[in-house]
Amino acid sequence: MDTVNQQSGGEQKSQTVWYVVGVVVVVAALVALYYLVTSRELTSITPPVPEIVPGIVIDEDVAEVVPTAAQDLQALEAQGTSDAVSSIESDLNASGIENLDKELSDIDKELGLP
Amino acid sequence: MKNMLIAGTVALLPVLALATSTPSVGEATRKDVREVKKQIQQAHREFKKENIEQNKVLRQEVREKRSATNEEARTKREAFRTEKKDLTPDERRFERVIFNKEIHAKREALRVDIHEKREAFHEEKQERRAAFKERLGELRAKHIEAFFTHMVRKIEAAIDRLEKLVDRIDSRLDKFEDNGKDVVQFRTMMDGARAKIASAEDALGSAKDAFDAMSLSEDPKDAFAEVKRLVKDTAEKVREAHRALTQVINSIRGTSELFGVLDDDSSENSTSTSGE
């Protein structure tokens, strides 16, 4: 009788050990999964870092949505001060005003327009 | 037991009927909140409408002010040309500095006015974003506001760039004139270019108003068609102004008598003091 009791006690112990091992494995798997998912989310939501251009102040949201915003403005603002015809001509040619309304198509996309 | 259940159910029936026929306190509160929200939105819409109308009036005022300043500068320049024609080039240069300072101060005051109005639009971004958010969701609202704001900043920078180029060309024309050259033809062309720049700034104001209206529109997609038309019109006006300035420079270049005489390195990096 004692032997039977000892045997069933041993089985119960080993069962408990397996339960604990199972729980530990599940918790570890969950923790690993959590880290995997959060790190992926972070990668996907981290916007491209906008380049900082000295002297150009850009709104935080704009810098996040349009990473080239500072360079776009810098290109338009940079010009010489000379009144020599050749210098004025050169700045006129470098004005880069062809794509001023480029973002209209981005807004179209946001609105789901073709 | 069965009788008790039946009696209980019968007793509860009127309570249930009452509960279903009259709104609960929570539901009534939600209705109130919805109603208040609706009223606030309506009030905001009305306020914006008034604001847009007010902007139109302000733009008209700026237009008139700009036109008056240009006219005054033109008249004074004519008077300067006749009154100072007998002075030596050095004396004329000295008088020119005083003359330009006065005109420059007036133009600067006008530019400050315009810049203040521009900033007023940028300061209202949170309100617009909140309004867009209600119809389009947070992320789209953020993106649309950012794209439009950036586009406006670019157009403003382009207009400023053209105005600085106008100052530099004016400064060059002053030098030609002080050396006895006839620049009347170029001055007339510059007046045209200046008018085109003013027209671009004006068109940008209309585009911004339309975007404001779009943020409150029940159908932003539909309202965007008008915004798009106005922005395209503005961009075209900037390009027209740019073309007008290019024509002035090409004409100056074409007049070889003028070009080459004064376009030397000694004037490099000289800061324009011209106001016209």
# chains A, B, ... in the order shown; residues from 1 in each chain; ligands from 1
$ interface_residues --of "chain B" --to "chain A" --cutoff "9 Å" --atoms "only C-alpha atoms" --output "compact mmCIF listing (two decimals) with C-alpha atoms, in the first residue's frame"
# COMPACT_ATOMS: atom_id res chain seq x y z
CA LEU B 136 -11.07 61.38 -42.68
CA ARG B 140 -5.09 61.19 -43.21
CA ALA B 141 -5.84 64.51 -41.50
CA LYS B 142 -2.21 64.79 -40.44
CA HIS B 143 -0.91 63.92 -43.91
CA ILE B 144 -3.26 66.20 -45.81
CA GLU B 145 -2.49 69.17 -43.57
CA ALA B 146 1.27 68.50 -43.80
CA PHE B 147 1.27 68.14 -47.60
CA PHE B 148 -0.79 71.30 -48.09
CA THR B 149 1.23 73.31 -45.55
CA HIS B 150 4.46 72.33 -47.25
CA MET B 151 3.09 73.23 -50.67
CA VAL B 152 2.02 76.64 -49.38
CA ARG B 153 5.45 77.22 -47.77
CA LYS B 154 7.11 76.36 -51.08
CA ILE B 155 4.92 78.77 -53.04
CA ALA B 157 9.27 80.89 -50.67
CA ALA B 158 9.07 81.06 -54.48
CA ASP B 160 9.77 85.75 -51.84
CA ARG B 161 12.53 84.57 -54.13
CA LEU B 162 11.02 86.43 -57.10
CA LYS B 164 14.29 89.45 -54.03
CA LEU B 165 15.18 89.03 -57.71
CA ASP B 167 15.05 94.07 -55.91
CA ARG B 168 18.32 92.94 -57.46
CA ILE B 169 17.22 93.80 -61.02
CA ASP B 170 16.00 97.19 -59.78
CA SER B 171 19.34 97.80 -58.19
CA ARG B 172 21.07 96.99 -61.49
CA PRO B 220 -13.78 67.00 -48.58
CA LYS B 221 -13.11 65.04 -51.77
CA PHE B 224 -10.63 69.47 -52.96
CA LYS B 228 -6.64 71.92 -56.66
CA VAL B 231 -3.32 75.90 -56.34
CA LYS B 232 -2.60 75.05 -59.99
CA THR B 234 -1.29 79.99 -58.27
CA ALA B 235 1.65 77.85 -59.43
CA VAL B 238 4.36 82.14 -60.14
CA ARG B 239 5.74 80.65 -63.34
CA HIS B 242 9.28 84.09 -63.34
CA LEU B 245 11.61 88.47 -64.95
CA THR B 246 13.54 86.21 -67.34
CA ILE B 249 17.02 89.95 -67.92
CA ASN B 250 17.13 88.68 -71.51
CA ILE B 252 18.98 93.71 -70.63
CA ARG B 253 21.42 91.14 -71.93
CA PHE B 259 25.44 94.83 -70.53
CA LEU B 262 28.38 97.88 -65.59
CA ASP B 263 28.01 94.17 -65.04
CA ASP B 264 31.41 93.80 -63.49
CA ASP B 265 32.76 92.00 -60.48
CA SER B 267 29.21 94.96 -57.85
CA GLU B 268 29.27 91.32 -56.73
CA ASN B 269 27.63 90.74 -53.38
CA SER B 270 26.32 94.27 -53.27
CA THR B 271 23.10 94.34 -51.34
CA SER B 272 20.20 95.85 -53.18
$ atom_distance --atom1 "atom CA of B:Phe132" --atom2 "atom CA of B:Ala203"
23.1 Å
$ residues_around --residues "B:Lys56" --least-positions-apart "5" --cutoff "10 Å" --atoms "only C-alpha atoms" --output "VMD selection string"
chain B and resid 50 to 51 61 to 62 202 205 to 206 209
$ residues_around --residues "B:Arg111" --least-positions-apart "5" --cutoff "10 Å" --atoms "only C-alpha atoms" --output "list of chain:residue names"
B:Val62, B:Arg66, B:Ala105, B:Lys106, B:Glu116, B:Lys117, B:Asp160, B:Glu163
$ write_last_selection --atoms "C-alpha atoms" --output "JSON list (two decimals), in the first residue's frame"
[["chain", "number", "residue", "atom", "x", "y", "z"],
["B", 62, "VAL", "CA", -3.37, 94.55, -49.55],
["B", 66, "ARG", "CA", 0.39, 97.42, -53.10],
["B", 105, "ALA", "CA", 10.57, 101.25, -46.17],
["B", 106, "LYS", "CA", 7.09, 101.32, -47.71],
["B", 116, "GLU", "CA", 1.57, 88.33, -40.89],
["B", 117, "LYS", "CA", -1.37, 87.17, -42.98],
["B", 160, "ASP", "CA", 9.77, 85.75, -51.84],
["B", 163, "GLU", "CA", 10.62, 89.57, -55.00]]
$ atom_distance --atom1 "atom CA of B:Lys85" --atom2 "atom CA of B:Asp182"
11.7 Å
$ residues_around --residues "stretch 184-194 of chain B" --least-positions-apart "5" --cutoff "7 Å" --atoms "only C-alpha atoms" --output "list in words"
Ala241, Ala244, Leu245 and Val248 of chain B
$ write_last_selection --atoms "N, CA and C atoms" --output "JSON list (two decimals), in the first residue's frame"
[["chain", "number", "residue", "atom", "x", "y", "z"],
["B", 241, "ALA", "N", 5.23, 84.98, -63.55],
["B", 241, "ALA", "CA", 6.05, 86.05, -62.99],
["B", 241, "ALA", "C", 7.53, 85.76, -63.24],
["B", 244, "ALA", "N", 8.33, 86.52, -66.75],
["B", 244, "ALA", "CA", 8.40, 87.98, -66.97],
["B", 244, "ALA", "C", 9.78, 88.51, -66.55],
["B", 245, "LEU", "N", 10.29, 88.02, -65.42],
["B", 245, "LEU", "CA", 11.61, 88.47, -64.95],
["B", 245, "LEU", "C", 12.72, 87.97, -65.89],
["B", 248, "VAL", "N", 12.90, 90.26, -68.76],
["B", 248, "VAL", "CA", 13.60, 91.52, -68.44],
["B", 248, "VAL", "C", 15.11, 91.29, -68.55]]
$ atom_distance --atom1 "atom CA of B:Phe80" --atom2 "atom CA of B:Arg92"
9.3 Å
